[in-house]
$ cat model.cif   # mmCIF, C-alpha atoms
data_input
loop_
_atom_site.label_atom_id
_atom_site.label_comp_id
_atom_site.auth_asym_id
_atom_site.auth_seq_id
_atom_site.Cartn_x
_atom_site.Cartn_y
_atom_site.Cartn_z
CA MET X 1 -12.00 -2.41 -8.85
CA ASP X 2 -11.45 -6.16 -8.84
CA LEU X 3 -8.41 -8.00 -7.63
CA PRO X 4 -6.08 -8.68 -10.52
CA CYS X 5 -5.73 -12.29 -11.59
CA MET X 6 -2.50 -13.43 -10.01
CA PRO X 7 -1.01 -16.90 -9.91
CA ALA X 8 -0.71 -18.58 -6.54
CA PRO X 9 2.84 -19.00 -5.29
CA ALA X 10 4.33 -22.41 -6.00
CA PRO X 11 4.17 -24.87 -3.10
CA GLY X 12 7.34 -24.72 -1.04
CA GLN X 13 8.34 -21.39 -2.59
CA PRO X 14 9.83 -19.11 0.07
CA ARG X 15 7.51 -16.34 1.19
CA ARG X 16 8.72 -12.83 0.53
CA ILE X 17 9.10 -10.58 3.57
CA PHE X 18 8.27 -6.93 2.92
CA ARG X 19 9.47 -3.70 4.49
CA ALA X 20 6.15 -1.88 4.38
CA LEU X 21 5.05 1.72 4.80
CA TYR X 22 1.33 2.17 5.40
CA ALA X 23 -0.37 5.56 4.98
CA GLU X 24 -3.81 5.75 6.60
CA ASP X 25 -5.58 8.59 8.40
CA VAL X 26 -7.60 6.36 10.77
CA PRO X 27 -5.42 5.46 13.80
CA GLU X 28 -7.25 2.20 14.54
CA LEU X 29 -6.73 0.97 10.97
CA ARG X 30 -3.03 1.87 11.13
CA GLU X 31 -2.64 -0.18 14.30
CA LEU X 32 -4.59 -3.11 12.90
CA MET X 33 -2.47 -3.13 9.74
CA ARG X 34 0.73 -2.92 11.77
CA ILE X 35 -0.36 -5.96 13.78
CA VAL X 36 -1.38 -7.96 10.69
CA LEU X 37 1.85 -7.19 8.82
CA THR X 38 4.21 -7.82 11.72
CA THR X 39 2.41 -11.03 12.69
CA GLU X 40 3.16 -12.24 9.16
CA GLY X 41 6.85 -11.41 9.61
CA HIS X 42 6.91 -8.17 7.64
CA THR X 43 8.20 -4.89 9.04
CA ALA X 44 5.67 -2.08 9.10
CA GLU X 45 5.83 1.64 9.66
CA CYS X 46 2.59 3.57 9.71
CA VAL X 47 1.94 7.25 8.98
CA PRO X 48 -1.25 9.35 9.11
CA ASP X 49 -1.29 10.62 5.52
CA GLY X 50 0.34 10.63 2.12
CA LEU X 51 2.52 13.64 2.91
CA ALA X 52 4.09 11.91 5.92
CA ALA X 53 4.69 8.83 3.74
CA TRP X 54 6.30 10.95 1.02
CA GLU X 55 8.57 12.64 3.58
CA LYS X 56 9.74 9.23 4.94
CA ILE X 57 10.43 7.98 1.43
CA GLN X 58 12.40 11.13 0.59
CA VAL X 59 14.64 10.68 3.65
CA GLU X 60 15.54 7.08 2.79
CA PRO X 61 14.28 6.06 -0.69
CA GLY X 62 15.31 2.39 -0.50
CA ARG X 63 13.93 1.75 2.97
CA PHE X 64 10.56 0.35 1.84
CA ASP X 65 9.77 -2.25 -0.80
CA LEU X 66 6.01 -2.06 -0.26
CA ILE X 67 3.85 1.03 0.01
CA ILE X 68 0.26 0.54 1.14
CA THR X 69 -1.88 3.64 1.01
CA ASP X 70 -5.43 4.66 1.65
CA HIS X 71 -6.91 6.81 -1.10
CA HIS X 72 -8.83 9.43 0.91
CA MET X 73 -6.49 11.19 3.36
CA PRO X 74 -5.84 14.74 4.49
CA LYS X 75 -2.73 16.63 3.34
CA MET X 76 -1.99 14.27 0.42
CA THR X 77 -4.22 11.61 -1.13
CA GLY X 78 -3.06 8.16 -2.11
CA LEU X 79 -3.27 9.18 -5.77
CA ASP X 80 -1.00 12.17 -5.16
CA LEU X 81 1.45 9.95 -3.26
CA VAL X 82 1.55 7.33 -6.03
CA THR X 83 1.93 10.05 -8.67
CA ARG X 84 4.97 11.39 -6.80
CA LEU X 85 6.40 7.89 -6.33
CA ARG X 86 6.24 7.35 -10.08
CA THR X 87 8.47 10.41 -10.61
CA THR X 88 11.22 8.66 -8.62
CA ASP X 89 13.08 5.41 -9.10
CA TYR X 90 10.92 3.63 -6.50
CA ALA X 91 10.88 0.01 -7.67
CA GLY X 92 8.76 -1.52 -4.91
CA ARG X 93 5.17 -2.67 -4.89
CA ILE X 94 2.15 -0.43 -4.31
CA ILE X 95 -1.22 -1.42 -2.88
CA VAL X 96 -4.12 1.04 -2.58
CA PHE X 97 -7.04 0.64 -0.18
CA SER X 98 -10.23 2.60 -0.69
CA SER X 99 -13.80 2.58 0.47
CA GLU X 100 -14.82 4.20 -2.81
CA LEU X 101 -13.15 5.18 -6.05
CA SER X 102 -14.66 6.90 -9.04
CA PRO X 103 -14.02 5.23 -12.40
CA GLU X 104 -11.69 8.11 -13.29
CA VAL X 105 -9.58 7.70 -10.14
CA GLY X 106 -9.47 3.93 -10.61
CA GLN X 107 -8.23 4.48 -14.16
CA ALA X 108 -5.59 6.93 -12.89
CA TYR X 109 -4.27 4.27 -10.49
CA ARG X 110 -4.16 1.72 -13.32
CA GLN X 111 -2.22 4.16 -15.51
CA LEU X 112 0.26 4.62 -12.65
CA LYS X 113 0.70 0.83 -12.62
CA VAL X 114 -0.38 0.25 -9.03
CA ASP X 115 -0.03 -3.44 -8.23
CA VAL X 116 -3.39 -3.90 -6.50
CA VAL X 117 -6.38 -1.79 -5.50
CA LEU X 118 -8.44 -3.36 -2.71
CA PRO X 119 -11.86 -2.20 -1.53
CA LYS X 120 -12.27 -1.52 2.17
CA PRO X 121 -12.80 -3.22 4.51
CA ILE X 122 -9.64 -5.25 4.11
CA PHE X 123 -9.61 -8.61 5.82
CA PRO X 124 -6.28 -10.12 6.96
CA VAL X 125 -6.85 -13.25 4.87
CA THR X 126 -7.30 -11.11 1.74
CA LEU X 127 -4.17 -9.10 2.46
CA ARG X 128 -2.18 -12.29 3.12
CA ALA X 129 -3.31 -13.73 -0.22
CA VAL X 130 -2.36 -10.56 -2.10
CA LEU X 131 1.06 -10.30 -0.44
CA ALA X 132 1.76 -13.92 -1.34
CA THR X 133 1.31 -13.07 -5.02
CA LEU X 134 3.57 -10.01 -5.10
#
$ encode --input "model.cif" --output "structure tokens"
Amino acid sequence: MDLPCMPAPAPGQPRRIFRALYAEDVPELRELMRIVLTTEGHTAECVPDGLAAWEKIQVEPGRFDLIITDHHMPKMTGLDLVTRLRTTDYAGRIIVFSSELSPEVGQAYRQLKVDVVLPKPIFPVTLRAVLATL
């Protein structure tokens, strides 16, 4: 799936700082994402799967304004997590990372109005550019 066409932020426009929750089953990728996000000034909590993310969101629904999720994870996939989020009043942004998505799954994410789907590997410069447009 391609990056959506998004306008660049206006010069001098303040950069938005996110309170992010990242669901990823690979520990090294969780740590890398935590470093990238916090270096950019965002707060980041990382969990090993969609179920752990869902449980954190249930405890404090307004705590996160950005959910970043892998698609393929044990216990609960990214698609299942996003489907559950859409049954709540979660008003934040959602980014999905995936190394592969079938056309049907990609369409399901689009129907759930995910903000961005990015193919893995994700490079910090790409993530920075996407966050600047949200």
$ closest_residue --input "model.cif" --among "X:Leu37, X:Val96, X:Leu101, X:Leu134" --to "Val116 (chain X)" --atoms "all atoms listed in the file"
X:Val96
$ closest_residue --input "model.cif" --among "X:Pro74, X:Leu29, X:His42, X:Tyr90" --to "Ala132 (chain X)" --atoms "all atoms listed in the file"
X:His42
$ closest_residue --input "model.cif" --among "X:Met76, X:Ile67, X:Leu127, X:Leu81" --to "Val36 (chain X)" --atoms "all atoms listed in the file"
X:Leu127
$ residues_around --input "model.cif" --residues "Ser98 (chain X)" --least-positions-apart "4" --cutoff "7 Å" --atoms "all atoms listed in the file" --output "number ranges by chain"
X: 70-71, 118-120
$ closest_residue --input "model.cif" --among "X:Pro103, X:Arg128, X:Phe97, X:Asp80" --to "Thr39 (chain X)" --atoms "all atoms listed in the file"
X:Arg128
$ resolve_selection --input "model.cif" --expression "the PyMOL selection byres ((chain X and resi 68) around 12)" --output "number ranges by chain"
X: 18-24, 30, 33-34, 37, 44-50, 53, 64-67, 69-71, 78-79, 81-82, 92-98, 114-118, 122, 127, 130-131
$ build_atoms --input "model.cif" --residues "region 94-105 of chain X" --atoms "all heavy atoms" --output "CSV table (one decimal), keeping the file's coordinate frame"
chain,number,residue,atom,x,y,z
X,94,ILE,N,3.1,-1.4,-4.8
X,94,ILE,CA,2.2,-0.4,-4.3
X,94,ILE,C,0.8,-1.1,-4.3
X,94,ILE,O,0.3,-1.6,-5.3
X,94,ILE,CB,2.1,0.8,-5.2
X,94,ILE,CG1,3.5,1.5,-5.2
X,94,ILE,CG2,1.1,1.8,-4.6
X,94,ILE,CD1,3.6,2.7,-6.2
X,95,ILE,N,0.2,-1.0,-3.1
X,95,ILE,CA,-1.2,-1.4,-2.9
X,95,ILE,C,-2.0,-0.2,-2.4
X,95,ILE,O,-1.6,0.6,-1.6
X,95,ILE,CB,-1.3,-2.5,-1.8
X,95,ILE,CG1,-0.5,-3.8,-2.3
X,95,ILE,CG2,-2.8,-2.9,-1.5
X,95,ILE,CD1,-0.4,-4.9,-1.2
X,96,VAL,N,-3.2,-0.1,-3.0
X,96,VAL,CA,-4.1,1.0,-2.6
X,96,VAL,C,-5.4,0.4,-2.0
X,96,VAL,O,-5.9,-0.5,-2.5
X,96,VAL,CB,-4.5,1.9,-3.8
X,96,VAL,CG1,-5.5,3.0,-3.4
X,96,VAL,CG2,-3.3,2.5,-4.4
X,97,PHE,N,-5.8,1.0,-0.8
X,97,PHE,CA,-7.0,0.6,-0.2
X,97,PHE,C,-8.0,1.8,-0.4
X,97,PHE,O,-7.6,3.0,-0.3
X,97,PHE,CB,-6.9,0.5,1.3
X,97,PHE,CG,-6.0,-0.7,1.7
X,97,PHE,CD1,-5.5,-0.7,3.0
X,97,PHE,CD2,-5.7,-1.7,0.9
X,97,PHE,CE1,-4.7,-1.8,3.5
X,97,PHE,CE2,-4.9,-2.8,1.3
X,97,PHE,CZ,-4.4,-2.8,2.6
X,98,SER,N,-9.3,1.5,-0.6
X,98,SER,CA,-10.2,2.6,-0.7
X,98,SER,C,-11.6,2.1,-0.4
X,98,SER,O,-12.0,1.0,-0.8
X,98,SER,CB,-10.2,3.3,-2.1
X,98,SER,OG,-11.1,4.4,-2.1
X,99,SER,N,-12.4,2.9,0.2
X,99,SER,CA,-13.8,2.6,0.5
X,99,SER,C,-14.6,2.9,-0.7
X,99,SER,O,-15.7,2.4,-0.9
X,99,SER,CB,-14.3,3.3,1.7
X,99,SER,OG,-14.1,4.7,1.6
X,100,GLU,N,-14.1,3.8,-1.6
X,100,GLU,CA,-14.8,4.2,-2.8
X,100,GLU,C,-13.9,4.9,-3.8
X,100,GLU,O,-13.0,5.7,-3.4
X,100,GLU,CB,-16.0,5.1,-2.5
X,100,GLU,CG,-15.6,6.4,-1.9
X,100,GLU,CD,-16.8,7.3,-1.6
X,100,GLU,OE1,-17.6,6.9,-0.7
X,100,GLU,OE2,-16.9,8.4,-2.2
X,101,LEU,N,-13.9,4.5,-5.0
X,101,LEU,CA,-13.2,5.2,-6.0
X,101,LEU,C,-14.1,5.5,-7.2
X,101,LEU,O,-14.8,4.6,-7.7
X,101,LEU,CB,-12.0,4.3,-6.5
X,101,LEU,CG,-10.8,4.1,-5.7
X,101,LEU,CD1,-9.8,3.2,-6.4
X,101,LEU,CD2,-10.1,5.4,-5.3
X,102,SER,N,-13.9,6.6,-7.8
X,102,SER,CA,-14.7,6.9,-9.0
X,102,SER,C,-14.0,6.1,-10.2
X,102,SER,O,-12.8,5.8,-10.1
X,102,SER,CB,-14.6,8.4,-9.3
X,102,SER,OG,-13.3,8.8,-9.7
X,103,PRO,N,-14.7,5.9,-11.3
X,103,PRO,CA,-14.0,5.2,-12.4
X,103,PRO,C,-12.8,6.0,-12.9
X,103,PRO,O,-11.8,5.4,-13.3
X,103,PRO,CB,-15.1,5.2,-13.5
X,103,PRO,CG,-16.4,5.3,-12.7
X,103,PRO,CD,-16.1,6.1,-11.5
X,104,GLU,N,-12.8,7.3,-12.8
X,104,GLU,CA,-11.7,8.1,-13.3
X,104,GLU,C,-10.5,7.9,-12.4
X,104,GLU,O,-9.3,7.8,-12.9
X,104,GLU,CB,-12.1,9.6,-13.3
X,104,GLU,CG,-13.1,10.0,-14.3
X,104,GLU,CD,-14.6,9.7,-13.8
X,104,GLU,OE1,-14.8,9.5,-12.6
X,104,GLU,OE2,-15.5,9.6,-14.7
X,105,VAL,N,-10.7,7.9,-11.1
X,105,VAL,CA,-9.6,7.7,-10.1
X,105,VAL,C,-9.0,6.3,-10.3
X,105,VAL,O,-7.8,6.1,-10.3
X,105,VAL,CB,-10.0,8.0,-8.7
X,105,VAL,CG1,-8.9,7.7,-7.7
X,105,VAL,CG2,-10.3,9.5,-8.6
